[in-house]
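Visitor: Got entry13.cif for you, mmCIF, C-alpha atoms, pLDDT in the B column; chains and numbers go by the auth columns:
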```
data_final
#
loop_
_atom_site.group_PDB
_atom_site.id
_atom_site.type_symbol
_atom_site.label_atom_id
_atom_site.label_comp_id
_atom_site.label_asym_id
_atom_site.label_seq_id
_atom_site.Cartn_x
_atom_site.Cartn_y
_atom_site.Cartn_z
_atom_site.B_iso_or_equiv
_atom_site.auth_seq_id
_atom_site.auth_asym_id
ATOM 1 C CA MET A 1 23.016 36.997 15.508 68.00 1089 A
ATOM 2 C CA GLU A 2 20.346 34.503 16.514 72.00 1090 A
ATOM 3 C CA LYS A 3 19.613 31.548 14.240 79.00 1091 A
ATOM 4 C CA ASN A 4 16.126 31.134 12.835 84.00 1092 A
ATOM 5 C CA TYR A 5 14.801 27.757 13.984 90.00 1093 A
ATOM 6 C CA ASP A 6 11.337 28.058 12.381 90.00 1094 A
ATOM 7 C CA ALA A 7 12.204 25.246 9.974 89.00 1095 A
ATOM 8 C CA LEU A 8 12.499 22.926 12.991 91.00 1096 A
ATOM 9 C CA LYS A 9 8.977 23.579 14.260 92.00 1097 A
ATOM 10 C CA LEU A 10 6.683 20.585 13.855 93.00 1098 A
ATOM 11 C CA GLU A 11 3.819 22.735 12.542 92.00 1099 A
ATOM 12 C CA ASN A 12 6.070 23.954 9.688 92.00 1100 A
ATOM 13 C CA GLN A 13 6.860 20.457 8.422 92.00 1101 A
ATOM 14 C CA LEU A 14 5.152 18.971 5.363 90.00 1102 A
ATOM 15 C CA CYS A 15 6.323 15.481 6.317 92.00 1103 A
ATOM 16 C CA PHE A 16 4.543 15.425 9.679 95.00 1104 A
ATOM 17 C CA PRO A 17 0.907 15.804 8.535 94.00 1105 A
ATOM 18 C CA LEU A 18 1.620 13.277 5.758 93.00 1106 A
ATOM 19 C CA TYR A 19 3.025 10.841 8.318 95.00 1107 A
ATOM 20 C CA ALA A 20 0.206 11.419 10.823 95.00 1108 A
ATOM 21 C CA CYS A 21 -2.529 11.141 8.148 93.00 1109 A
ATOM 22 C CA SER A 22 -1.017 7.939 6.829 94.00 1110 A
ATOM 23 C CA ARG A 23 -0.976 6.392 10.305 95.00 1111 A
ATOM 24 C CA GLU A 24 -4.548 7.486 11.045 94.00 1112 A
ATOM 25 C CA ILE A 25 -5.897 6.209 7.728 93.00 1113 A
ATOM 26 C CA VAL A 26 -4.166 2.851 8.163 95.00 1114 A
ATOM 27 C CA LYS A 27 -5.781 2.643 11.642 95.00 1115 A
ATOM 28 C CA LYS A 28 -9.196 3.171 10.010 95.00 1116 A
ATOM 29 C CA TYR A 29 -8.473 0.283 7.632 96.00 1117 A
ATOM 30 C CA HIS A 30 -7.588 -2.118 10.439 96.00 1118 A
ATOM 31 C CA PRO A 31 -11.073 -3.305 11.528 96.00 1119 A
ATOM 32 C CA HIS A 32 -12.220 -3.740 7.913 96.00 1120 A
ATOM 33 C CA LEU A 33 -9.095 -5.621 6.864 97.00 1121 A
ATOM 34 C CA GLU A 34 -9.167 -7.759 9.999 96.00 1122 A
ATOM 35 C CA GLN A 35 -12.516 -9.142 8.798 96.00 1123 A
ATOM 36 C CA ILE A 36 -10.835 -10.443 5.632 96.00 1124 A
ATOM 37 C CA ASP A 37 -7.646 -11.544 7.425 95.00 1125 A
ATOM 38 C CA LEU A 38 -5.284 -8.994 5.834 97.00 1126 A
ATOM 39 C CA THR A 39 -2.854 -6.420 7.161 97.00 1127 A
ATOM 40 C CA TYR A 40 -2.662 -3.090 5.358 97.00 1128 A
ATOM 41 C CA THR A 41 0.553 -4.094 3.583 97.00 1129 A
ATOM 42 C CA GLN A 42 -1.011 -7.402 2.504 98.00 1130 A
ATOM 43 C CA TYR A 43 -4.030 -5.443 1.262 98.00 1131 A
ATOM 44 C CA ILE A 44 -1.992 -3.123 -0.975 97.00 1132 A
ATOM 45 C CA VAL A 45 -0.120 -6.145 -2.354 98.00 1133 A
ATOM 46 C CA MET A 46 -3.445 -7.798 -3.116 98.00 1134 A
ATOM 47 C CA MET A 47 -4.692 -4.652 -4.882 98.00 1135 A
ATOM 48 C CA VAL A 48 -1.745 -4.936 -7.264 98.00 1136 A
ATOM 49 C CA MET A 49 -2.334 -8.666 -7.656 98.00 1137 A
ATOM 50 C CA TRP A 50 -6.028 -8.176 -8.490 98.00 1138 A
ATOM 51 C CA ALA A 51 -4.999 -5.746 -11.236 97.00 1139 A
ATOM 52 C CA ASP A 52 -1.939 -7.578 -12.624 97.00 1140 A
ATOM 53 C CA ARG A 53 -2.561 -11.227 -11.620 97.00 1141 A
ATOM 54 C CA ARG A 54 1.114 -12.114 -12.314 97.00 1142 A
ATOM 55 C CA ILE A 55 4.093 -9.898 -11.521 97.00 1143 A
ATOM 56 C CA SER A 56 7.741 -10.126 -10.485 96.00 1144 A
ATOM 57 C CA VAL A 57 8.671 -9.238 -6.910 96.00 1145 A
ATOM 58 C CA LYS A 58 10.862 -6.451 -8.297 96.00 1146 A
ATOM 59 C CA GLN A 59 7.970 -4.902 -10.253 97.00 1147 A
ATOM 60 C CA LEU A 60 5.665 -5.307 -7.249 97.00 1148 A
ATOM 61 C CA GLY A 61 8.162 -3.500 -5.036 96.00 1149 A
ATOM 62 C CA GLU A 62 8.456 -0.672 -7.549 95.00 1150 A
ATOM 63 C CA LYS A 63 4.681 -0.218 -7.693 96.00 1151 A
ATOM 64 C CA LEU A 64 4.350 -0.201 -3.909 96.00 1152 A
ATOM 65 C CA TYR A 65 7.574 1.652 -3.045 94.00 1153 A
ATOM 66 C CA LEU A 66 8.623 -1.336 -0.918 95.00 1154 A
ATOM 67 C CA ASP A 67 11.916 -3.226 -0.845 93.00 1155 A
ATOM 68 C CA SER A 68 12.201 -7.007 -1.078 89.00 1156 A
ATOM 69 C CA GLY A 69 13.057 -7.222 2.626 93.00 1157 A
ATOM 70 C CA THR A 70 9.624 -5.799 3.422 94.00 1158 A
ATOM 71 C CA LEU A 71 7.800 -7.717 0.682 96.00 1159 A
ATOM 72 C CA THR A 72 9.226 -11.184 1.368 96.00 1160 A
ATOM 73 C CA PRO A 73 7.449 -11.822 4.717 97.00 1161 A
ATOM 74 C CA VAL A 74 4.237 -10.273 3.359 98.00 1162 A
ATOM 75 C CA LEU A 75 4.308 -12.532 0.299 98.00 1163 A
ATOM 76 C CA LYS A 76 5.139 -15.594 2.411 97.00 1164 A
ATOM 77 C CA SER A 77 2.119 -14.863 4.579 98.00 1165 A
ATOM 78 C CA LEU A 78 -0.163 -14.336 1.579 98.00 1166 A
ATOM 79 C CA GLU A 79 1.138 -17.593 0.100 98.00 1167 A
ATOM 80 C CA THR A 80 0.457 -19.445 3.373 98.00 1168 A
ATOM 81 C CA LYS A 81 -3.111 -18.083 3.279 98.00 1169 A
ATOM 82 C CA GLY A 82 -3.434 -19.415 -0.273 98.00 1170 A
ATOM 83 C CA PHE A 83 -3.928 -16.036 -1.973 98.00 1171 A
ATOM 84 C CA VAL A 84 -0.740 -16.034 -4.089 98.00 1172 A
ATOM 85 C CA THR A 85 1.977 -18.398 -5.249 98.00 1173 A
ATOM 86 C CA ARG A 86 5.667 -17.594 -5.664 97.00 1174 A
ATOM 87 C CA THR A 87 7.770 -19.351 -8.285 95.00 1175 A
ATOM 88 C CA ARG A 88 11.082 -18.776 -9.991 94.00 1176 A
ATOM 89 C CA SER A 89 10.917 -17.529 -13.575 89.00 1177 A
ATOM 90 C CA ALA A 90 11.680 -20.219 -16.165 89.00 1178 A
ATOM 91 C CA GLU A 91 13.619 -17.640 -18.215 89.00 1179 A
ATOM 92 C CA ASP A 92 15.699 -16.290 -15.324 90.00 1180 A
ATOM 93 C CA GLU A 93 15.890 -18.128 -12.002 89.00 1181 A
ATOM 94 C CA ARG A 94 16.927 -14.919 -10.222 91.00 1182 A
ATOM 95 C CA VAL A 95 13.439 -13.517 -10.882 92.00 1183 A
ATOM 96 C CA LEU A 96 10.687 -14.450 -8.444 94.00 1184 A
ATOM 97 C CA ILE A 97 7.170 -14.366 -9.897 97.00 1185 A
ATOM 98 C CA VAL A 98 4.075 -13.804 -7.771 97.00 1186 A
ATOM 99 C CA GLU A 99 0.787 -15.089 -9.133 98.00 1187 A
ATOM 100 C CA LEU A 100 -2.771 -14.650 -7.914 98.00 1188 A
ATOM 101 C CA THR A 101 -4.605 -17.853 -6.961 98.00 1189 A
ATOM 102 C CA GLU A 102 -8.312 -18.559 -7.289 98.00 1190 A
ATOM 103 C CA ALA A 103 -8.693 -17.991 -3.520 98.00 1191 A
ATOM 104 C CA GLY A 104 -6.916 -14.646 -3.936 98.00 1192 A
ATOM 105 C CA GLU A 105 -9.307 -13.707 -6.730 97.00 1193 A
ATOM 106 C CA GLN A 106 -12.289 -14.662 -4.560 97.00 1194 A
ATOM 107 C CA LEU A 107 -10.981 -12.431 -1.759 97.00 1195 A
ATOM 108 C CA LYS A 108 -11.455 -9.468 -4.101 97.00 1196 A
ATOM 109 C CA GLU A 109 -15.229 -9.732 -3.646 95.00 1197 A
ATOM 110 C CA GLN A 110 -14.915 -9.345 0.137 94.00 1198 A
ATOM 111 C CA ALA A 111 -12.401 -6.511 -0.212 97.00 1199 A
ATOM 112 C CA ALA A 112 -14.638 -4.501 -2.564 96.00 1200 A
ATOM 113 C CA ASP A 113 -16.513 -3.077 0.441 94.00 1201 A
ATOM 114 C CA VAL A 114 -13.386 -1.642 2.065 95.00 1202 A
ATOM 115 C CA PRO A 115 -12.684 1.497 -0.058 93.00 1203 A
ATOM 116 C CA PRO A 116 -16.162 3.043 0.340 91.00 1204 A
ATOM 117 C CA LYS A 117 -16.019 2.437 4.097 91.00 1205 A
ATOM 118 C CA ILE A 118 -12.709 4.309 4.276 90.00 1206 A
ATOM 119 C CA ALA A 119 -13.834 7.079 1.916 85.00 1207 A
ATOM 120 C CA CYS A 120 -16.595 8.079 4.320 84.00 1208 A
ATOM 121 C CA CYS A 121 -13.954 8.591 7.056 84.00 1209 A
ATOM 122 C CA VAL A 122 -12.081 11.230 5.044 85.00 1210 A
ATOM 123 C CA ALA A 123 -13.581 14.712 5.260 87.00 1211 A
ATOM 124 C CA LEU A 124 -12.807 15.777 1.688 89.00 1212 A
ATOM 125 C CA THR A 125 -15.023 16.488 -1.278 90.00 1213 A
ATOM 126 C CA PRO A 126 -14.414 14.259 -4.308 90.00 1214 A
ATOM 127 C CA GLU A 127 -12.641 17.205 -5.966 94.00 1215 A
ATOM 128 C CA GLU A 128 -10.404 17.775 -2.930 94.00 1216 A
ATOM 129 C CA ALA A 129 -9.606 14.057 -2.750 91.00 1217 A
ATOM 130 C CA ALA A 130 -8.669 14.044 -6.451 93.00 1218 A
ATOM 131 C CA GLU A 131 -6.419 17.080 -5.964 96.00 1219 A
ATOM 132 C CA LEU A 132 -4.734 15.550 -2.905 94.00 1220 A
ATOM 133 C CA HIS A 133 -4.203 12.309 -4.847 94.00 1221 A
ATOM 134 C CA ARG A 134 -2.624 14.266 -7.708 96.00 1222 A
ATOM 135 C CA LEU A 135 -0.349 16.237 -5.395 95.00 1223 A
ATOM 136 C CA LEU A 136 0.788 13.190 -3.424 94.00 1224 A
ATOM 137 C CA TYR A 137 1.743 11.353 -6.608 93.00 1225 A
ATOM 138 C CA LYS A 138 3.582 14.486 -7.771 94.00 1226 A
ATOM 139 C CA VAL A 139 5.581 14.396 -4.518 92.00 1227 A
ATOM 140 C CA LEU A 140 6.281 10.667 -4.960 91.00 1228 A
ATOM 141 C CA ALA A 141 7.423 11.192 -8.542 91.00 1229 A
ATOM 142 C CA GLY A 142 9.933 13.779 -7.346 90.00 1230 A
ATOM 143 C CA MET A 143 11.524 11.480 -4.762 85.00 1231 A
#
```
Produce structure tokens that represent the structure in this file.
Guide:
Amino acid sequence: MEKNYDALKLENQLCFPLYACSREIVKKYHPHLEQIDLTYTQYIVMMVMWADRRISVKQLGEKLYLDSGTLTPVLKSLETKGFVTRTRSAEDERVLIVELTEAGEQLKEQAADVPPKIACCVALTPEEAAELHRLLYKVLAGM
């Protein structure tokens, strides 16, 4: 009896179009983020910082689905650029706190133009985009 290998076909994978779309969207971000001297990973960190202003590295990693090994060089770079500071918590020295600086807050104004520029690159109606957003977060929640 011959095995069914349909599950191994690229076109039958859910992970592949997610992976390919993610790569293509990040490529679209590149020229816009380059103008404000951020990588995509730095940009998503800054989005959290603009919302929270002060957060532990652990909480930041949880929000972004990134481990500290990935976050540490990103945060060091953002600190070197003057957008965030990193300090040990006074209550627990094991906890590293990231805080938005005034320069980081000012960067928000420049970054405000990025989302609409990317939105016009995605061929979805607002309703389709909302549904995709909902479904992707449902997938993430199940991981």
Visitor: Which residues, written as a list in words, have at least one atom at most 10 Å from Arg1176 (chain A), with all atoms listed in the file counted and residues fewer than 4 positions away on the same chain left out?
Guide: Ser1144, Asp1180, Glu1181, Arg1182, Val1183, Leu1184, Ile1185 and Val1186 of chain A
Visitor: Could you check the closest approach to Val1133 (chain A) for each of A:Lys1164, A:His1221, A:Lys1097, A:Lys1115 and tell me which residue wins, using only C-alpha atoms?
Guide: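 Nearest to Val1133 (chain A): A:Lys1164.
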Visitor: Between CA of Pro1105 (chain A) and CA of Gln1147 (chain A), what distance in Å does the model show, to one decimal?
Guide: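 Straight-line distance from CA of Pro1105 (chain A) to CA of Gln1147 (chain A) works out to 28.8 Å.
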Visitor: Set the distance at 9 Å and use all atoms listed in the file: which residues neighbour Thr1173 (chain A) once local chain neighbours fewer than 3 positions away are removed? I'd like the list as a ChimeraX atom specification.
Guide: /A:1163-1164,1166-1168,1170,1185-1189
Visitor: Excluding same-chain residues fewer than 6 positions from Met1135 (chain A), what lies within 10 Å of it counting only C-alpha atoms, as a PyMOL selection string?
Guide: chain A and resi 1129+1141+1196+1199
Visitor: Assuming the chain letters and numbering stay as they are in my file, what does the PyMOL selection byres ((chain A and resi 1130) around 10) actually select? List them as a PDB file with C-alpha atoms, in the coordinates of the input.
Guide:
```
ATOM      1  CA  LEU A1121      -9.095  -5.621   6.864  1.00 97.00           C
ATOM      2  CA  ASP A1125      -7.646 -11.544   7.425  1.00 95.00           C
ATOM      3  CA  LEU A1126      -5.284  -8.994   5.834  1.00 97.00           C
ATOM      4  CA  THR A1127      -2.854  -6.420   7.161  1.00 97.00           C
ATOM      5  CA  TYR A1128      -2.662  -3.090   5.358  1.00 97.00           C
ATOM      6  CA  THR A1129       0.553  -4.094   3.583  1.00 97.00           C
ATOM      7  CA  TYR A1131      -4.030  -5.443   1.262  1.00 98.00           C
ATOM      8  CA  ILE A1132      -1.992  -3.123  -0.975  1.00 97.00           C
ATOM      9  CA  VAL A1133      -0.120  -6.145  -2.354  1.00 98.00           C
ATOM     10  CA  MET A1134      -3.445  -7.798  -3.116  1.00 98.00           C
ATOM     11  CA  MET A1135      -4.692  -4.652  -4.882  1.00 98.00           C
ATOM     12  CA  LEU A1159       7.800  -7.717   0.682  1.00 96.00           C
ATOM     13  CA  PRO A1161       7.449 -11.822   4.717  1.00 97.00           C
ATOM     14  CA  VAL A1162       4.237 -10.273   3.359  1.00 98.00           C
ATOM     15  CA  LEU A1163       4.308 -12.532   0.299  1.00 98.00           C
ATOM     16  CA  SER A1165       2.119 -14.863   4.579  1.00 98.00           C
ATOM     17  CA  LEU A1166      -0.163 -14.336   1.579  1.00 98.00           C
TER      18      LEU A1166
END
```
Visitor: Given the choices A:Ser1110, A:Ser1156, A:Gln1194, A:Gln1101, which gets closest to Leu1224 (chain A) if the distance is worked out from all atoms listed in the file?
Guide: A:Ser1110
Visitor: Between CA of Thr1160 (chain A) and CA of Val1145 (chain A), what is the distance, to one decimal in Å?
Guide: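 Pair CA of Thr1160 (chain A) / CA of Val1145 (chain A) returns 8.5 Å.
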Visitor: What does the distance from CA of Leu1195 (chain A) to CA of Cys1208 (chain A) come to in Å, to one decimal?
Guide: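 That distance, rounded to one decimal, is 22.1 Å.
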Visitor: Measuring atom to atom with all atoms listed in the file, identify which of A:Leu1212, A:Val1227, A:Ala1218, A:Val1202 is nearest to Val1114 (chain A).
Guide: A:Val1202
Visitor: Taking the partial coordinates given, rebuild region 1096-1117 of chain A to contain N, CA, C and O atoms; return it as a PDB file, keeping the file's coordinate frame.
Guide:
```pdb
ATOM      1  N   LEU A1096      12.513  24.085  12.101  1.00 91.00           N
ATOM      2  CA  LEU A1096      12.499  22.926  12.991  1.00 91.00           C
ATOM      3  C   LEU A1096      11.194  22.769  13.763  1.00 91.00           C
ATOM      4  O   LEU A1096      11.039  21.830  14.526  1.00 91.00           O
ATOM      5  N   LYS A1097      10.262  23.681  13.564  1.00 92.00           N
ATOM      6  CA  LYS A1097       8.977  23.579  14.260  1.00 92.00           C
ATOM      7  C   LYS A1097       8.112  22.533  13.574  1.00 92.00           C
ATOM      8  O   LYS A1097       7.989  22.505  12.348  1.00 92.00           O
ATOM      9  N   LEU A1098       7.513  21.672  14.374  1.00 93.00           N
ATOM     10  CA  LEU A1098       6.683  20.585  13.855  1.00 93.00           C
ATOM     11  C   LEU A1098       5.581  21.104  12.943  1.00 93.00           C
ATOM     12  O   LEU A1098       5.314  20.533  11.881  1.00 93.00           O
ATOM     13  N   GLU A1099       4.931  22.213  13.344  1.00 92.00           N
ATOM     14  CA  GLU A1099       3.819  22.735  12.542  1.00 92.00           C
ATOM     15  C   GLU A1099       4.265  23.295  11.193  1.00 92.00           C
ATOM     16  O   GLU A1099       3.433  23.553  10.318  1.00 92.00           O
ATOM     17  N   ASN A1100       5.559  23.463  10.976  1.00 92.00           N
ATOM     18  CA  ASN A1100       6.070  23.954   9.688  1.00 92.00           C
ATOM     19  C   ASN A1100       6.550  22.829   8.774  1.00 92.00           C
ATOM     20  O   ASN A1100       7.075  23.086   7.696  1.00 92.00           O
ATOM     21  N   GLN A1101       6.383  21.600   9.194  1.00 92.00           N
ATOM     22  CA  GLN A1101       6.860  20.457   8.422  1.00 92.00           C
ATOM     23  C   GLN A1101       5.761  19.915   7.507  1.00 92.00           C
ATOM     24  O   GLN A1101       4.625  19.743   7.936  1.00 92.00           O
ATOM     25  N   LEU A1102       6.079  19.640   6.269  1.00 90.00           N
ATOM     26  CA  LEU A1102       5.152  18.971   5.363  1.00 90.00           C
ATOM     27  C   LEU A1102       5.107  17.472   5.676  1.00 90.00           C
ATOM     28  O   LEU A1102       4.049  16.846   5.607  1.00 90.00           O
ATOM     29  N   CYS A1103       6.240  16.919   6.076  1.00 92.00           N
ATOM     30  CA  CYS A1103       6.323  15.481   6.317  1.00 92.00           C
ATOM     31  C   CYS A1103       5.441  15.033   7.490  1.00 92.00           C
ATOM     32  O   CYS A1103       4.878  13.932   7.449  1.00 92.00           O
ATOM     33  N   PHE A1104       5.288  15.877   8.511  1.00 95.00           N
ATOM     34  CA  PHE A1104       4.543  15.425   9.679  1.00 95.00           C
ATOM     35  C   PHE A1104       3.065  15.185   9.406  1.00 95.00           C
ATOM     36  O   PHE A1104       2.543  14.121   9.750  1.00 95.00           O
ATOM     37  N   PRO A1105       2.320  16.117   8.783  1.00 94.00           N
ATOM     38  CA  PRO A1105       0.907  15.804   8.535  1.00 94.00           C
ATOM     39  C   PRO A1105       0.738  14.631   7.566  1.00 94.00           C
ATOM     40  O   PRO A1105      -0.219  13.864   7.690  1.00 94.00           O
ATOM     41  N   LEU A1106       1.680  14.448   6.643  1.00 93.00           N
ATOM     42  CA  LEU A1106       1.620  13.277   5.758  1.00 93.00           C
ATOM     43  C   LEU A1106       1.775  11.998   6.567  1.00 93.00           C
ATOM     44  O   LEU A1106       1.015  11.043   6.408  1.00 93.00           O
ATOM     45  N   TYR A1107       2.764  11.989   7.453  1.00 95.00           N
ATOM     46  CA  TYR A1107       3.025  10.841   8.318  1.00 95.00           C
ATOM     47  C   TYR A1107       1.827  10.551   9.225  1.00 95.00           C
ATOM     48  O   TYR A1107       1.349   9.417   9.309  1.00 95.00           O
ATOM     49  N   ALA A1108       1.314  11.591   9.881  1.00 95.00           N
ATOM     50  CA  ALA A1108       0.206  11.419  10.823  1.00 95.00           C
ATOM     51  C   ALA A1108      -1.063  10.959  10.093  1.00 95.00           C
ATOM     52  O   ALA A1108      -1.762  10.066  10.573  1.00 95.00           O
ATOM     53  N   CYS A1109      -1.347  11.562   8.929  1.00 93.00           N
ATOM     54  CA  CYS A1109      -2.529  11.141   8.148  1.00 93.00           C
ATOM     55  C   CYS A1109      -2.402   9.690   7.712  1.00 93.00           C
ATOM     56  O   CYS A1109      -3.370   8.922   7.797  1.00 93.00           O
ATOM     57  N   SER A1110      -1.241   9.315   7.266  1.00 94.00           N
ATOM     58  CA  SER A1110      -1.017   7.939   6.829  1.00 94.00           C
ATOM     59  C   SER A1110      -1.294   6.967   7.977  1.00 94.00           C
ATOM     60  O   SER A1110      -2.010   5.978   7.804  1.00 94.00           O
ATOM     61  N   ARG A1111      -0.758   7.261   9.140  1.00 95.00           N
ATOM     62  CA  ARG A1111      -0.976   6.392  10.305  1.00 95.00           C
ATOM     63  C   ARG A1111      -2.453   6.317  10.676  1.00 95.00           C
ATOM     64  O   ARG A1111      -2.969   5.243  10.960  1.00 95.00           O
ATOM     65  N   GLU A1112      -3.132   7.452  10.670  1.00 94.00           N
ATOM     66  CA  GLU A1112      -4.548   7.486  11.045  1.00 94.00           C
ATOM     67  C   GLU A1112      -5.418   6.744  10.029  1.00 94.00           C
ATOM     68  O   GLU A1112      -6.346   6.031  10.404  1.00 94.00           O
ATOM     69  N   ILE A1113      -5.120   6.902   8.758  1.00 93.00           N
ATOM     70  CA  ILE A1113      -5.897   6.209   7.728  1.00 93.00           C
ATOM     71  C   ILE A1113      -5.683   4.702   7.827  1.00 93.00           C
ATOM     72  O   ILE A1113      -6.636   3.922   7.755  1.00 93.00           O
ATOM     73  N   VAL A1114      -4.442   4.285   8.019  1.00 95.00           N
ATOM     74  CA  VAL A1114      -4.166   2.851   8.163  1.00 95.00           C
ATOM     75  C   VAL A1114      -4.908   2.290   9.374  1.00 95.00           C
ATOM     76  O   VAL A1114      -5.446   1.181   9.329  1.00 95.00           O
ATOM     77  N   LYS A1115      -5.002   3.078  10.465  1.00 95.00           N
ATOM     78  CA  LYS A1115      -5.781   2.643  11.642  1.00 95.00           C
ATOM     79  C   LYS A1115      -7.248   2.434  11.280  1.00 95.00           C
ATOM     80  O   LYS A1115      -7.889   1.507  11.773  1.00 95.00           O
ATOM     81  N   LYS A1116      -7.790   3.305  10.440  1.00 95.00           N
ATOM     82  CA  LYS A1116      -9.196   3.171  10.010  1.00 95.00           C
ATOM     83  C   LYS A1116      -9.399   1.895   9.183  1.00 95.00           C
ATOM     84  O   LYS A1116     -10.462   1.291   9.219  1.00 95.00           O
ATOM     85  N   TYR A1117      -8.393   1.505   8.430  1.00 96.00           N
ATOM     86  CA  TYR A1117      -8.473   0.283   7.632  1.00 96.00           C
ATOM     87  C   TYR A1117      -8.499  -0.969   8.499  1.00 96.00           C
ATOM     88  O   TYR A1117      -9.098  -1.976   8.117  1.00 96.00           O
TER      89      TYR A1117
END
```
